[in-house]
>>> print(open('run.pdb').read())   # PDB, C-alpha atoms, pLDDT in the B column
ATOM      1  CA  MET A 104      -1.971 -21.219  12.265  1.00 90.00           C
ATOM      2  CA  ASP A 105       1.652 -22.299  12.008  1.00 95.00           C
ATOM      3  CA  GLU A 106       4.073 -21.486   9.182  1.00 94.00           C
ATOM      4  CA  ALA A 107       3.578 -24.835   7.414  1.00 95.00           C
ATOM      5  CA  CYS A 108      -0.217 -24.424   7.374  1.00 95.00           C
ATOM      6  CA  TRP A 109       0.139 -20.808   6.160  1.00 96.00           C
ATOM      7  CA  HIS A 110       2.059 -22.029   3.090  1.00 97.00           C
ATOM      8  CA  LYS A 111      -0.020 -25.169   2.498  1.00 97.00           C
ATOM      9  CA  LYS A 112      -1.992 -25.179  -0.762  1.00 96.00           C
ATOM     10  CA  ALA A 113      -5.677 -24.312  -0.447  1.00 95.00           C
ATOM     11  CA  GLN A 114      -8.369 -24.549  -3.087  1.00 95.00           C
ATOM     12  CA  LEU A 115     -11.207 -22.200  -3.956  1.00 91.00           C
ATOM     13  CA  LEU A 116     -14.106 -24.150  -5.420  1.00 94.00           C
ATOM     14  CA  ILE A 117     -17.044 -22.510  -7.185  1.00 94.00           C
ATOM     15  CA  GLU A 118     -20.004 -24.773  -7.864  1.00 96.00           C
ATOM     16  CA  GLY A 119     -17.780 -27.762  -7.185  1.00 95.00           C
ATOM     17  CA  LYS A 120     -15.173 -26.759  -9.779  1.00 96.00           C
ATOM     18  CA  LEU A 121     -11.638 -25.661  -8.977  1.00 96.00           C
ATOM     19  CA  TYR A 122     -11.417 -21.915  -9.540  1.00 93.00           C
ATOM     20  CA  ARG A 123      -8.027 -21.237  -7.953  1.00 93.00           C
ATOM     21  CA  GLU A 124      -5.307 -22.936  -5.951  1.00 95.00           C
ATOM     22  CA  ALA A 125      -2.877 -20.910  -3.844  1.00 96.00           C
ATOM     23  CA  PRO A 126      -1.214 -20.944  -0.414  1.00 97.00           C
ATOM     24  CA  ALA A 127      -3.701 -20.560   2.460  1.00 96.00           C
ATOM     25  CA  GLY A 128      -1.991 -17.335   3.570  1.00 96.00           C
ATOM     26  CA  GLU A 129      -2.633 -15.770   0.174  1.00 94.00           C
ATOM     27  CA  PHE A 130      -6.350 -16.538   0.453  1.00 93.00           C
ATOM     28  CA  LEU A 131      -6.480 -15.079   3.971  1.00 94.00           C
ATOM     29  CA  TRP A 132      -4.812 -11.845   2.821  1.00 95.00           C
ATOM     30  CA  TYR A 133      -7.313 -11.679  -0.063  1.00 91.00           C
ATOM     31  CA  ILE A 134     -10.253 -11.961   2.355  1.00 90.00           C
ATOM     32  CA  PHE A 135      -8.732  -9.299   4.612  1.00 91.00           C
ATOM     33  CA  PHE A 136      -8.190  -6.817   1.763  1.00 92.00           C
ATOM     34  CA  ASP A 137     -11.658  -7.565   0.379  1.00 91.00           C
ATOM     35  CA  ALA A 138     -13.168  -6.599   3.753  1.00 85.00           C
ATOM     36  CA  ILE A 139     -11.187  -3.333   3.683  1.00 84.00           C
ATOM     37  CA  HIS A 140     -12.405  -2.658   0.138  1.00 89.00           C
ATOM     38  CA  HIS A 141     -16.055  -3.174   1.082  1.00 85.00           C
ATOM     39  CA  ARG A 142     -15.716  -0.903   4.114  1.00 78.00           C
ATOM     40  CA  GLY A 143     -14.464   1.788   1.726  1.00 81.00           C
ATOM     41  CA  GLN A 144     -17.439   1.200  -0.557  1.00 85.00           C
ATOM     42  CA  LEU A 145     -19.794   1.467   2.388  1.00 80.00           C
ATOM     43  CA  SER A 146     -18.350   4.818   3.492  1.00 80.00           C
ATOM     44  CA  THR A 147     -18.420   6.088  -0.111  1.00 84.00           C
ATOM     45  CA  TYR A 148     -22.131   5.363  -0.448  1.00 87.00           C
ATOM     46  CA  ILE A 149     -23.367   6.232   3.056  1.00 85.00           C
ATOM     47  CA  ARG A 150     -21.582   9.530   3.836  1.00 83.00           C
ATOM     48  CA  PRO A 151     -22.807  11.510   0.780  1.00 87.00           C
ATOM     49  CA  MET A 152     -26.363  10.535   1.720  1.00 89.00           C
ATOM     50  CA  GLY A 153     -25.891  12.072   5.174  1.00 87.00           C
ATOM     51  CA  GLY A 154     -25.490   8.766   7.015  1.00 85.00           C
ATOM     52  CA  GLN A 155     -22.825   7.625   9.420  1.00 81.00           C
ATOM     53  CA  VAL A 156     -20.471   4.745   8.731  1.00 76.00           C
ATOM     54  CA  PRO A 157     -21.037   2.133  11.456  1.00 76.00           C
ATOM     55  CA  ALA A 158     -18.244   0.392  13.333  1.00 75.00           C
ATOM     56  CA  ILE A 159     -18.505  -2.866  11.388  1.00 70.00           C
ATOM     57  CA  TYR A 160     -14.901  -4.125  11.141  1.00 68.00           C
ATOM     58  CA  GLY A 161     -13.655  -1.919  13.961  1.00 74.00           C
ATOM     59  CA  PRO A 162     -14.110   1.712  14.955  1.00 77.00           C
ATOM     60  CA  SER A 163     -14.956   4.262  12.257  1.00 76.00           C
ATOM     61  CA  GLY A 164     -14.580   8.025  12.267  1.00 77.00           C
ATOM     62  CA  ASP A 165     -18.355   8.327  12.602  1.00 78.00           C
ATOM     63  CA  ASP A 166     -18.916   5.617  15.223  1.00 71.00           C
ATOM     64  CA  PRO A 167     -15.984   4.883  17.542  1.00 68.00           C
ATOM     65  CA  GLY A 168     -17.705   1.681  18.685  1.00 64.00           C
ATOM     66  CA  VAL A 169     -17.503   2.561  22.368  1.00 62.00           C
TER
END
>>> encode(input="run.pdb", output="structure tokens")
Amino acid sequence: MDEACWHKKAQLLIEGKLYREAPAGEFLWYIFFDAIHHRGQLSTYIRPMGGQVPAIYGPSGDDPGV
């Protein structure tokens, strides 16, 4: 993705209606941070129950993904 595309306006539609308009790069950062957030939720729920956090988005402390 080049610089012009990164700054180009993108639209988020929900049920066909415009929910938000922002640069494409902003949406991509949002998706990235959302994935990090959900990995944190997963570890918060699984570890206290005695489980191991799987290597979903990359290696975890419990499963190095080797």
>>> residues_around(input="run.pdb", residues="A:Gly154", least_positions_apart="5", cutoff="12 Å", atoms="all atoms listed in the file", output="list in words")
Leu145, Ser146, Thr147, Tyr148, Ile149, Asp165 and Asp166 of chain A
>>> write_last_selection(input="run.pdb", atoms="C-alpha atoms", output="tab-separated table (two decimals), in the coordinates of the input")
chain	number	residue	atom	x	y	z
A	145	LEU	CA	-19.79	1.47	2.39
A	146	SER	CA	-18.35	4.82	3.49
A	147	THR	CA	-18.42	6.09	-0.11
A	148	TYR	CA	-22.13	5.36	-0.45
A	149	ILE	CA	-23.37	6.23	3.06
A	165	ASP	CA	-18.36	8.33	12.60
A	166	ASP	CA	-18.92	5.62	15.22
>>> atom_distance(input="run.pdb", atom1="atom CA of A:Gly128", atom2="atom CA of A:His110")
6.2 Å
>>> resolve_selection(input="run.pdb", expression="the PyMOL selection byres ((chain A and resi 156) around 12)", output="ChimeraX atom specification")
/A:141-155,157-168
>>> atom_distance(input="run.pdb", atom1="atom CA of A:Ile139", atom2="atom CA of A:Lys120")
27.3 Å
>>> residues_around(input="run.pdb", residues="A:Cys108", least_positions_apart="2", cutoff="9 Å", atoms="only C-alpha atoms", output="tab-separated table (two decimals) with C-alpha atoms, keeping the file's coordinate frame")
chain	number	residue	atom	x	y	z
A	104	MET	CA	-1.97	-21.22	12.26
A	105	ASP	CA	1.65	-22.30	12.01
A	106	GLU	CA	4.07	-21.49	9.18
A	110	HIS	CA	2.06	-22.03	3.09
A	111	LYS	CA	-0.02	-25.17	2.50
A	112	LYS	CA	-1.99	-25.18	-0.76
A	126	PRO	CA	-1.21	-20.94	-0.41
A	127	ALA	CA	-3.70	-20.56	2.46
A	128	GLY	CA	-1.99	-17.34	3.57
>>> axis_aligned_box(input="run.pdb", around="stretch 130-146 of chain A", padding_each_side="5 Å", output="AutoDock Vina command-line options")
--center_x -12.3 --center_y -5.9 --center_z 2.0 --size_x 25.0 --size_y 31.4 --size_z 15.2
>>> atom_distance(input="run.pdb", atom1="atom CA of A:Ala113", atom2="atom CA of A:Asp137")
17.8 Å
>>> build_atoms(input="run.pdb", residues="stretch 124-135 of chain A", atoms="all heavy atoms", output="PDB file, keeping the file's coordinate frame")
ATOM      1  N   GLU A 124      -6.087 -22.260  -6.986  1.00 95.00           N
ATOM      2  CA  GLU A 124      -5.307 -22.936  -5.951  1.00 95.00           C
ATOM      3  C   GLU A 124      -4.136 -22.032  -5.599  1.00 95.00           C
ATOM      4  O   GLU A 124      -3.461 -21.527  -6.492  1.00 95.00           O
ATOM      5  CB  GLU A 124      -4.815 -24.288  -6.453  1.00 95.00           C
ATOM      6  CG  GLU A 124      -4.098 -25.096  -5.397  1.00 95.00           C
ATOM      7  CD  GLU A 124      -3.745 -26.486  -5.866  1.00 95.00           C
ATOM      8  OE1 GLU A 124      -2.709 -26.629  -6.538  1.00 95.00           O
ATOM      9  OE2 GLU A 124      -4.528 -27.409  -5.577  1.00 95.00           O
ATOM     10  N   ALA A 125      -3.934 -21.804  -4.313  1.00 96.00           N
ATOM     11  CA  ALA A 125      -2.877 -20.910  -3.844  1.00 96.00           C
ATOM     12  C   ALA A 125      -2.582 -21.251  -2.380  1.00 96.00           C
ATOM     13  O   ALA A 125      -3.356 -21.962  -1.739  1.00 96.00           O
ATOM     14  CB  ALA A 125      -3.308 -19.452  -3.972  1.00 96.00           C
ATOM     15  N   PRO A 126      -1.487 -20.730  -1.836  1.00 97.00           N
ATOM     16  CA  PRO A 126      -1.214 -20.944  -0.414  1.00 97.00           C
ATOM     17  C   PRO A 126      -2.341 -20.351   0.449  1.00 97.00           C
ATOM     18  O   PRO A 126      -2.941 -19.329   0.097  1.00 97.00           O
ATOM     19  CB  PRO A 126       0.096 -20.193  -0.186  1.00 97.00           C
ATOM     20  CG  PRO A 126       0.731 -20.100  -1.534  1.00 97.00           C
ATOM     21  CD  PRO A 126      -0.399 -20.011  -2.502  1.00 97.00           C
ATOM     22  N   ALA A 127      -2.620 -21.004   1.572  1.00 96.00           N
ATOM     23  CA  ALA A 127      -3.701 -20.560   2.460  1.00 96.00           C
ATOM     24  C   ALA A 127      -3.502 -19.103   2.892  1.00 96.00           C
ATOM     25  O   ALA A 127      -4.457 -18.332   2.955  1.00 96.00           O
ATOM     26  CB  ALA A 127      -3.787 -21.469   3.684  1.00 96.00           C
ATOM     27  N   GLY A 128      -2.273 -18.713   3.162  1.00 96.00           N
ATOM     28  CA  GLY A 128      -1.991 -17.335   3.570  1.00 96.00           C
ATOM     29  C   GLY A 128      -2.399 -16.323   2.522  1.00 96.00           C
ATOM     30  O   GLY A 128      -2.887 -15.240   2.843  1.00 96.00           O
ATOM     31  N   GLU A 129      -2.231 -16.673   1.252  1.00 94.00           N
ATOM     32  CA  GLU A 129      -2.633 -15.770   0.174  1.00 94.00           C
ATOM     33  C   GLU A 129      -4.145 -15.572   0.170  1.00 94.00           C
ATOM     34  O   GLU A 129      -4.638 -14.458  -0.007  1.00 94.00           O
ATOM     35  CB  GLU A 129      -2.167 -16.335  -1.163  1.00 94.00           C
ATOM     36  CG  GLU A 129      -2.373 -15.399  -2.327  1.00 94.00           C
ATOM     37  CD  GLU A 129      -1.804 -15.956  -3.620  1.00 94.00           C
ATOM     38  OE1 GLU A 129      -0.680 -16.479  -3.595  1.00 94.00           O
ATOM     39  OE2 GLU A 129      -2.512 -15.860  -4.639  1.00 94.00           O
ATOM     40  N   PHE A 130      -4.891 -16.651   0.385  1.00 93.00           N
ATOM     41  CA  PHE A 130      -6.350 -16.538   0.453  1.00 93.00           C
ATOM     42  C   PHE A 130      -6.780 -15.687   1.646  1.00 93.00           C
ATOM     43  O   PHE A 130      -7.700 -14.878   1.543  1.00 93.00           O
ATOM     44  CB  PHE A 130      -7.005 -17.919   0.546  1.00 93.00           C
ATOM     45  CG  PHE A 130      -7.128 -18.627  -0.763  1.00 93.00           C
ATOM     46  CD1 PHE A 130      -6.484 -19.827  -0.974  1.00 93.00           C
ATOM     47  CD2 PHE A 130      -7.885 -18.112  -1.795  1.00 93.00           C
ATOM     48  CE1 PHE A 130      -6.589 -20.492  -2.183  1.00 93.00           C
ATOM     49  CE2 PHE A 130      -8.002 -18.755  -3.010  1.00 93.00           C
ATOM     50  CZ  PHE A 130      -7.348 -19.954  -3.199  1.00 93.00           C
ATOM     51  N   LEU A 131      -6.118 -15.861   2.786  1.00 94.00           N
ATOM     52  CA  LEU A 131      -6.480 -15.079   3.971  1.00 94.00           C
ATOM     53  C   LEU A 131      -6.206 -13.597   3.766  1.00 94.00           C
ATOM     54  O   LEU A 131      -7.006 -12.750   4.176  1.00 94.00           O
ATOM     55  CB  LEU A 131      -5.756 -15.614   5.201  1.00 94.00           C
ATOM     56  CG  LEU A 131      -6.206 -17.001   5.638  1.00 94.00           C
ATOM     57  CD1 LEU A 131      -5.302 -17.539   6.733  1.00 94.00           C
ATOM     58  CD2 LEU A 131      -7.654 -17.001   6.078  1.00 94.00           C
ATOM     59  N   TRP A 132      -5.087 -13.251   3.125  1.00 95.00           N
ATOM     60  CA  TRP A 132      -4.812 -11.845   2.821  1.00 95.00           C
ATOM     61  C   TRP A 132      -5.863 -11.298   1.863  1.00 95.00           C
ATOM     62  O   TRP A 132      -6.314 -10.159   1.989  1.00 95.00           O
ATOM     63  CB  TRP A 132      -3.419 -11.658   2.228  1.00 95.00           C
ATOM     64  CG  TRP A 132      -2.357 -11.554   3.261  1.00 95.00           C
ATOM     65  CD1 TRP A 132      -1.360 -12.451   3.517  1.00 95.00           C
ATOM     66  CD2 TRP A 132      -2.182 -10.494   4.209  1.00 95.00           C
ATOM     67  NE1 TRP A 132      -0.591 -12.019   4.556  1.00 95.00           N
ATOM     68  CE2 TRP A 132      -1.058 -10.813   5.009  1.00 95.00           C
ATOM     69  CE3 TRP A 132      -2.862  -9.316   4.464  1.00 95.00           C
ATOM     70  CZ2 TRP A 132      -0.608  -9.991   6.026  1.00 95.00           C
ATOM     71  CZ3 TRP A 132      -2.410  -8.500   5.487  1.00 95.00           C
ATOM     72  CH2 TRP A 132      -1.305  -8.831   6.259  1.00 95.00           C
ATOM     73  N   TYR A 133      -6.288 -12.104   0.883  1.00 91.00           N
ATOM     74  CA  TYR A 133      -7.313 -11.679  -0.063  1.00 91.00           C
ATOM     75  C   TYR A 133      -8.611 -11.336   0.677  1.00 91.00           C
ATOM     76  O   TYR A 133      -9.229 -10.292   0.423  1.00 91.00           O
ATOM     77  CB  TYR A 133      -7.573 -12.769  -1.107  1.00 91.00           C
ATOM     78  CG  TYR A 133      -8.733 -12.438  -2.000  1.00 91.00           C
ATOM     79  CD1 TYR A 133      -8.589 -11.541  -3.052  1.00 91.00           C
ATOM     80  CD2 TYR A 133      -9.991 -12.978  -1.766  1.00 91.00           C
ATOM     81  CE1 TYR A 133      -9.658 -11.205  -3.863  1.00 91.00           C
ATOM     82  CE2 TYR A 133     -11.066 -12.655  -2.572  1.00 91.00           C
ATOM     83  CZ  TYR A 133     -10.897 -11.767  -3.619  1.00 91.00           C
ATOM     84  OH  TYR A 133     -11.963 -11.436  -4.396  1.00 91.00           O
ATOM     85  N   ILE A 134      -9.023 -12.198   1.598  1.00 90.00           N
ATOM     86  CA  ILE A 134     -10.253 -11.961   2.355  1.00 90.00           C
ATOM     87  C   ILE A 134     -10.130 -10.685   3.187  1.00 90.00           C
ATOM     88  O   ILE A 134     -11.062  -9.877   3.257  1.00 90.00           O
ATOM     89  CB  ILE A 134     -10.582 -13.179   3.247  1.00 90.00           C
ATOM     90  CG1 ILE A 134     -10.966 -14.370   2.366  1.00 90.00           C
ATOM     91  CG2 ILE A 134     -11.680 -12.859   4.252  1.00 90.00           C
ATOM     92  CD1 ILE A 134     -11.006 -15.691   3.110  1.00 90.00           C
ATOM     93  N   PHE A 135      -8.973 -10.490   3.801  1.00 91.00           N
ATOM     94  CA  PHE A 135      -8.732  -9.299   4.612  1.00 91.00           C
ATOM     95  C   PHE A 135      -8.838  -8.029   3.770  1.00 91.00           C
ATOM     96  O   PHE A 135      -9.535  -7.081   4.120  1.00 91.00           O
ATOM     97  CB  PHE A 135      -7.351  -9.413   5.265  1.00 91.00           C
ATOM     98  CG  PHE A 135      -6.955  -8.232   6.090  1.00 91.00           C
ATOM     99  CD1 PHE A 135      -7.676  -7.865   7.218  1.00 91.00           C
ATOM    100  CD2 PHE A 135      -5.836  -7.493   5.758  1.00 91.00           C
ATOM    101  CE1 PHE A 135      -7.300  -6.784   7.989  1.00 91.00           C
ATOM    102  CE2 PHE A 135      -5.447  -6.403   6.520  1.00 91.00           C
ATOM    103  CZ  PHE A 135      -6.180  -6.049   7.632  1.00 91.00           C
TER     104      PHE A 135
END
